[in-house]
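S.K.: Here it is, the structure, as structure tokens.
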Amino acid sequence: MTQNPYIDVLLNALLAVLFIIITSFGLGSLARYLAKWTGASKRKQESTFAGYLFASPWIVGFLIFVIIPLGYSLFWSFTDYRVTDNAPPNWIGLDNYAQLILKDTGFRSSIVNTLFLTSVGLPVMIAVALFLAVLLNQKTRGERLFRMAFYLPVILGFNTAVLLSWRLMLNTGTGIINQLIRALSTAFPPFSYLTRGIIFIQELISAFFLGISSGKYALFNRVLEAGLPAANRVPLWVESPLWSKMSVVLLMVWGCGAMMLIFLTGLNNIPRELHDAADVDGANDWQHFWKISFPLLTPYVFYNLVVGLIACLQIFEPIYVLYRDNQPLVPSAISMVYYLWQASFRNFEIGYGSAISWLVLLLILMVTAIQFMLQKRWVNYELY
Amino acid sequence: MRTKLLTLFLLVAILITGCAPAATQAPVTEAPVVVTEAPVVEEPPTEEPVVATEAPVTEPPAAEPVTLKIYLLDYTADTITWLKEEINTEFEAMYPGVTVEITEGSWSGWDTTFAGFFAAGEGPDIINLGSEMNTLYGPSLADMEAYLGEAAWPDIANFGPALENAKFDGKLRGLPIFTAPRYVFCRTDLAVGSLPPANFADWITFAKENTIIDPATNSLTQQALVPVDAGSMADWQWWLLVFYSLGGELYEADGTPNFDSLEALATTQFMLDMRQATYGPATDAVGALPAGQGSVIDVNDATGANNGAVCLAHSGWAAPAFDRPIWENISIEPFYGDPANFPNSKPVVLAFNDWLAVADYSPNKELAAEWLKMAFSKDANHKWNETMSLIPSRNDAQFGYVTDSPQLKREAELASQYGVGFAGIAEAAKLSVIMQEALGKLITEELTPEEVVTQIQEQYIAALGE
């Protein structure tokens with residue numbers, strides 16, 4: 001009998017359903033037994049059984065798809081395990097962690113790059129999202145269209161067409177972004193000085209971060225010595241190690257639609273009476289925003305900050321999309337998760353990759369805990 | 001409520017378990033094949049060469065239903081159609097009960113997919129690999145000498161140098177499909193100065209004379225030489241090509257990397273000199289050629305303007321299509337190295353190839369070998385490559401469209417004369433990262449050529465030690 005892959009899939013699905021039913025029933029029975037053991041009433045036992053029976057598909061899924069892989073990952077992080085070696089994992093204790101923390105300069109670079117993207121990219125992202133939310137909160141014609149337009153990047157993600165568009169837009173010579181910079185610089189000479197100043201400062205910062213990564217500051221000194229760039233200089237977006245991270249920041253900002261929606265919700269939740277009262281007091285637009293809207297938006301800023309920070313510390317996709325086939329620029333933009341992917345899926349060192357993932361997790365937990373501790377100082381929950 | 005739930009559960013369970021035995025048949029169907037193959041597959045060919053050579057001939061066709069799974073990456077629709085309609089159909093007729101299943105994947109993301117196969121210890125029997133992957137996957141690939149070695153299959157003698165890329169530890173792991181070397185294509189109508197530049201000094205002069213920067217945009221409008229990565233001009237594969245052309249060997253006799261050699265330093269210096277002759281100093285921040293359509297050494301049909309490159313050091317697929325009129329003005333050469341300073345210099349075309357390997361976890365190794373023999377016969381290897389206009393890896397398959405096309409004929413001649421395989425690189429993935437990081441810092445002038453080779457040597461030794 002020739003095998004039919006479609007029937008195989010169907011049967012596997014049915015077996016999965018059977019497995020879920022059995023495990024759900026088992027978990028429900030276990031819960032009921034425990035309830036009985038603790039002296040619960042018959043009615044309580046039945047409701048415990050029913051509750052766990054219906055919740056157990058998710059509990060089982062969580063166990064299978066989260067807890068068990070987590071356990072394996074933790075175990076592998078203490079082993080030398082390479083899937084292509086055709087050999088079982090070899091226990092090496094803390095060697096992977098020691099290598100990563102003390103010796104691996106590549107991992108150090110990835111941490112520095114991730115910090116750059118977080119410290120530069122995230123504030124810009126939040127600022128742009130807030131700015132767009134404030135603009136779109138005004139009653140203007142076509143506001144829904146604008147909202148959709150700014151949210152569209154979140155839906156589009158980083159597909160091939162998007163990648164190609166960005167590559168074309170970021171092209172140094174003919175890309176629309178640099179063409180606009182050139183046109184504006186020609187039309188308004190002060191803009192040229194502004195652009196050159198920004199280029200100089202950005203390249204200086206990038207060179208400094210690259211210096212931290214490598215421990216050598218020759219490039220930083222060279223940029224500093226060169227001084228203000230020539231009048232015809234434009235950013236070398238996806239072309240120079242000095243601009244590789246800023247190109248990623250651009251893509252991050254482009255995808256700030258989700259943050260914008262959250263701010264928009266927050267703005268809509270602010271009672272109109274507060275603004276009316278401020279109008280009576282003669283407040284101008286800036287005072288409206290800074291004295292009323294922003295303080296009441298701080299819980300939303302905090303949420304975006306926490307979620308955004310976690311996303312930034314796990315950043316992978318924009319770097320993969322921009323530099324996957326532009327290998328010379330990868331080292332200057334590589335993030336921790338890209339490094340993890342490289343170790344796990346290019347070098348196939350699953351043990352080493354697992355250790356990286358646990359270090360990333362620890363870092364995220366630490367940063368998030370600090371954020372929660374600091375929130376008391378600046379987040380205003382009075383309205384909520 | 002409990003009774004109702006229990007009844008519902010029992011009904012569903014009975015219904016599903018009624019179907020279950022069919023699902024469990026899948027592994028069972030393959031089991032007899034494993035058993036019948038076992039004595040042959042596991043037999044080390046060196047111990048019992050006679051048995052090994054006879055085995056493929058005496059093995060009866062598989063009696064049980066078996067699916068031979070093949071995973072191919074980015075082949076054209078024509079190729080897949082031909083494989084399915086001709087090769088697979090013929091193979092299935094020859095082996096009743098065997099179904100050949102081709103899965104089409106992409107080079108984008110292949111590594112993650114393959115990691116899954118090897119981690120799970122199951123997946124396609126035959127997988128599609130690139131040149132340098134023999135060292136990476138080698139331990140997980142089946143030793144196919146017993147089935148494809150010269151004693152078992154005399155046709156193997158007809159394969160060209162690309163066959164080396166399909167080996168690990170000196171043992172065949174599969175067969176190469178095509179050879180795709182990297183040549184130096186030059187526009188004879190555009191070039192200022194003599195072609196081809198025959199040493200490093202000539203190349204530097206050539207780069208200066210043939211590169212044009214538009215001062216208005218501070219970007220290139222014409223680039224003398226476009227290597228694999230046009231922007232950085234410091235791709236690690238390009239570095240290796242230049243290194244080999246100086247007579248450089250990647251490893252010493254004891255396996256120590258050779259990045260501390262004179263050839264390595266000269267290659268790195270050449271990378272920097274060429275970059276600066278083209279783009280100027282790093283602080284000039286000159287922009288690269290604009291991304292365009294078609295080959296970078298072709299002419300834009302709509303505007304009549306050149307696409308920007310005078311010379312292109314790349315595979316044939318990056319050159320114009322063979323029917324383009326521009327070929328009247330394009331020469332094809334190897335890279336000649338620097339004979340003026342390095343007497344061991346030799347013309348080189350760096351040969352890449354795709355190959356099909358048999359995974360060690362496969363329970364159908366013999367069937368896989370039989371399918372490979374059919375798909376890599378003289379005519380089949382010719383046909384497979386004809387659908388893609390590539391050079392077949394079998395020397396005797398290089399006829400018809402290969403010899404009819406002056407470009408392919410020239411490329412095939414250069415490949416057989418000067419081809420150096422891009423293979424045998426230990427920890428290739430790690431070396432690429434190490435080299436790209438160091439070479440990236442070379443072009444930004446963050447590191448000197450001496451520091452670059454020292455860094456690569458140290459980090460590569462550490463990577464090999466791990």
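In the structure tokens, the first chain shown is A, the next is B, and so on; residue numbers restart at 1 for each chain, and ligands run from 1 in the order shown.
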For chain A, report every residue with an atom at most 8 Å from chain B (counting only C-alpha atoms), formatted as a ChimeraX atom specification.

M.R.: /A:1-3,8,11-12,14-15,18,21,46,83-86,168,171-174,216-219,222-223,226,232-233,236,239,241,326-332,345-348

S.K.: Just N, CA and C atoms for this one: save the residues we selected as a short mmCIF file (atom, residue, chain, number, x, y, z; two decimals), in the first residue's frame.

M.R.:
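Once everything was written out, this is again16.cif:
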data_model
loop_
_atom_site.label_atom_id
_atom_site.label_comp_id
_atom_site.auth_asym_id
_atom_site.auth_seq_id
_atom_site.Cartn_x
_atom_site.Cartn_y
_atom_site.Cartn_z
N MET A 1 0.85 -1.21 0.00
CA MET A 1 0.00 0.00 0.00
C MET A 1 0.87 1.25 0.00
N THR A 2 0.64 2.10 -0.95
CA THR A 2 1.42 3.32 -1.00
C THR A 2 0.98 4.27 0.12
N GLN A 3 1.95 4.87 0.76
CA GLN A 3 1.62 5.79 1.84
C GLN A 3 1.02 7.07 1.29
N ASP A 8 -1.68 10.40 6.61
CA ASP A 8 -0.75 10.42 7.75
C ASP A 8 -0.98 11.64 8.63
N LEU A 11 -4.26 11.33 10.49
CA LEU A 11 -4.18 10.37 11.59
C LEU A 11 -3.34 10.92 12.74
N ASN A 12 -2.27 11.61 12.39
CA ASN A 12 -1.46 12.21 13.45
C ASN A 12 -2.26 13.24 14.24
N LEU A 14 -5.51 13.24 14.63
CA LEU A 14 -6.48 12.52 15.46
C LEU A 14 -5.81 11.91 16.69
N LEU A 15 -4.61 11.39 16.50
CA LEU A 15 -3.87 10.85 17.65
C LEU A 15 -3.55 11.95 18.65
N LEU A 18 -6.58 12.55 20.63
CA LEU A 18 -6.74 11.48 21.61
C LEU A 18 -5.81 11.69 22.80
N ILE A 21 -7.16 14.40 24.97
CA ILE A 21 -8.32 13.95 25.77
C ILE A 21 -7.85 13.11 26.95
N GLU A 46 -16.18 17.73 42.11
CA GLU A 46 -16.68 17.69 40.73
C GLU A 46 -16.30 18.95 39.97
N VAL A 83 24.49 19.12 16.67
CA VAL A 83 23.59 18.16 16.03
C VAL A 83 24.21 17.47 14.83
N THR A 84 25.15 18.11 14.16
CA THR A 84 25.71 17.49 12.96
C THR A 84 26.84 16.51 13.29
N ASP A 85 27.21 16.41 14.56
CA ASP A 85 28.32 15.53 14.91
C ASP A 85 27.92 14.07 15.05
N ASN A 86 26.63 13.83 15.00
CA ASN A 86 26.17 12.44 15.10
C ASN A 86 26.59 11.82 16.43
N LEU A 168 16.26 49.43 -1.60
CA LEU A 168 16.26 50.46 -2.65
C LEU A 168 16.21 51.85 -2.03
N ASN A 171 19.60 52.87 -0.55
CA ASN A 171 20.78 52.90 -1.41
C ASN A 171 21.46 54.27 -1.32
N THR A 172 22.78 54.23 -1.20
CA THR A 172 23.51 55.48 -0.97
C THR A 172 23.35 56.47 -2.11
N GLY A 173 23.53 55.99 -3.33
CA GLY A 173 23.52 56.91 -4.47
C GLY A 173 22.14 57.27 -4.94
N THR A 174 21.28 56.26 -5.11
CA THR A 174 20.00 56.51 -5.77
C THR A 174 18.80 56.32 -4.85
N LYS A 216 39.47 48.33 20.35
CA LYS A 216 40.40 49.22 19.64
C LYS A 216 39.64 50.44 19.13
N TYR A 217 40.25 51.60 19.27
CA TYR A 217 39.53 52.83 18.94
C TYR A 217 40.14 53.58 17.75
N ALA A 218 40.81 52.82 16.87
CA ALA A 218 41.44 53.44 15.70
C ALA A 218 40.39 54.12 14.82
N LEU A 219 39.25 53.44 14.64
CA LEU A 219 38.21 53.99 13.78
C LEU A 219 37.61 55.25 14.41
N ARG A 222 39.92 58.05 13.86
CA ARG A 222 39.94 58.45 12.46
C ARG A 222 38.73 59.33 12.13
N VAL A 223 37.57 58.93 12.63
CA VAL A 223 36.36 59.73 12.39
C VAL A 223 36.49 61.11 13.06
N ALA A 226 38.89 63.27 11.08
CA ALA A 226 38.34 63.71 9.79
C ALA A 226 37.43 64.93 9.97
N ASN A 232 29.07 67.00 0.28
CA ASN A 232 28.32 66.01 -0.52
C ASN A 232 28.15 64.67 0.22
N ARG A 233 28.46 64.66 1.52
CA ARG A 233 28.34 63.40 2.26
C ARG A 233 26.88 63.10 2.63
N LEU A 236 25.73 56.33 4.73
CA LEU A 236 25.99 55.10 3.96
C LEU A 236 25.19 53.96 4.58
N GLU A 239 25.63 50.06 3.97
CA GLU A 239 26.87 49.90 3.24
C GLU A 239 28.11 49.98 4.12
N PRO A 241 29.91 49.81 8.11
CA PRO A 241 29.73 49.35 9.49
C PRO A 241 29.31 50.50 10.42
N ASN A 326 24.49 40.01 3.24
CA ASN A 326 25.51 41.06 3.17
C ASN A 326 26.47 40.82 4.35
N GLN A 327 27.11 39.66 4.28
CA GLN A 327 27.88 39.16 5.41
C GLN A 327 28.91 40.14 5.99
N PRO A 328 29.60 40.93 5.15
CA PRO A 328 30.61 41.81 5.74
C PRO A 328 30.05 42.78 6.78
N LEU A 329 28.75 43.07 6.71
CA LEU A 329 28.19 44.03 7.67
C LEU A 329 27.63 43.37 8.92
N VAL A 330 27.51 42.06 8.90
CA VAL A 330 26.90 41.36 10.05
C VAL A 330 27.64 41.64 11.36
N PRO A 331 28.97 41.52 11.40
CA PRO A 331 29.65 41.73 12.70
C PRO A 331 29.39 43.09 13.32
N SER A 332 29.17 44.11 12.50
CA SER A 332 28.97 45.45 13.05
C SER A 332 27.54 45.66 13.55
N PHE A 345 22.18 27.57 14.54
CA PHE A 345 21.70 27.11 13.23
C PHE A 345 22.67 27.32 12.07
N ARG A 346 23.81 27.93 12.33
CA ARG A 346 24.85 27.95 11.29
C ARG A 346 26.00 27.05 11.71
N ASN A 347 26.36 27.14 13.00
CA ASN A 347 27.43 26.26 13.50
C ASN A 347 26.85 24.99 14.11
N PHE A 348 25.55 24.97 14.31
CA PHE A 348 24.83 23.81 14.87
C PHE A 348 25.32 23.43 16.27
#

S.K.: What is the CA of Leu175 in chain B to CA of Trp153 in chain B distance in Å?

M.R.: 12.1 Å

S.K.: What does the distance from CA of Leu267 in chain A to CA of Ile310 in chain A come to in Å, to one decimal?

M.R.: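 Computed distance, CA of Leu267 in chain A to CA of Ile310 in chain A, equals 23.7 Å.
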
S.K.: Give me, as a PyMOL selection string, the residues of range 141-265 of chain B that a backbone DSSP run labels alpha helix (DSSP H).

M.R.: chain B and resi 145-148+200-210+236-245+262-265

S.K.: If we count only C-alpha atoms, what is near Val367 in chain A at a cut-off of 10 Å, once residues fewer than 4 positions away on the same chain are taken out, given as a list in words?

M.R.: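 Once the nearby chain positions are removed, what remains is Val306, Leu309, Ile310, Leu313, Leu361, Leu362, Leu363, Gln371, Phe372 and Met373 of chain A.
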
S.K.: Could you please take those selected residues and save C-alpha atoms as an mmCIF file, in the first residue's frame?

M.R.:
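Below you can see part_13.cif, which holds the result:
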data_model
loop_
_atom_site.group_PDB
_atom_site.id
_atom_site.type_symbol
_atom_site.label_atom_id
_atom_site.label_comp_id
_atom_site.auth_asym_id
_atom_site.auth_seq_id
_atom_site.Cartn_x
_atom_site.Cartn_y
_atom_site.Cartn_z
ATOM 1 C CA VAL A 306 8.891 47.053 29.143
ATOM 2 C CA LEU A 309 12.918 46.637 25.847
ATOM 3 C CA ILE A 310 12.271 42.909 25.820
ATOM 4 C CA LEU A 313 17.002 42.713 23.688
ATOM 5 C CA LEU A 361 16.890 35.355 29.505
ATOM 6 C CA LEU A 362 18.769 36.338 32.662
ATOM 7 C CA LEU A 363 19.622 39.713 31.177
ATOM 8 C CA GLN A 371 12.273 48.705 35.347
ATOM 9 C CA PHE A 372 9.534 47.529 37.678
ATOM 10 C CA MET A 373 11.500 48.767 40.673
#
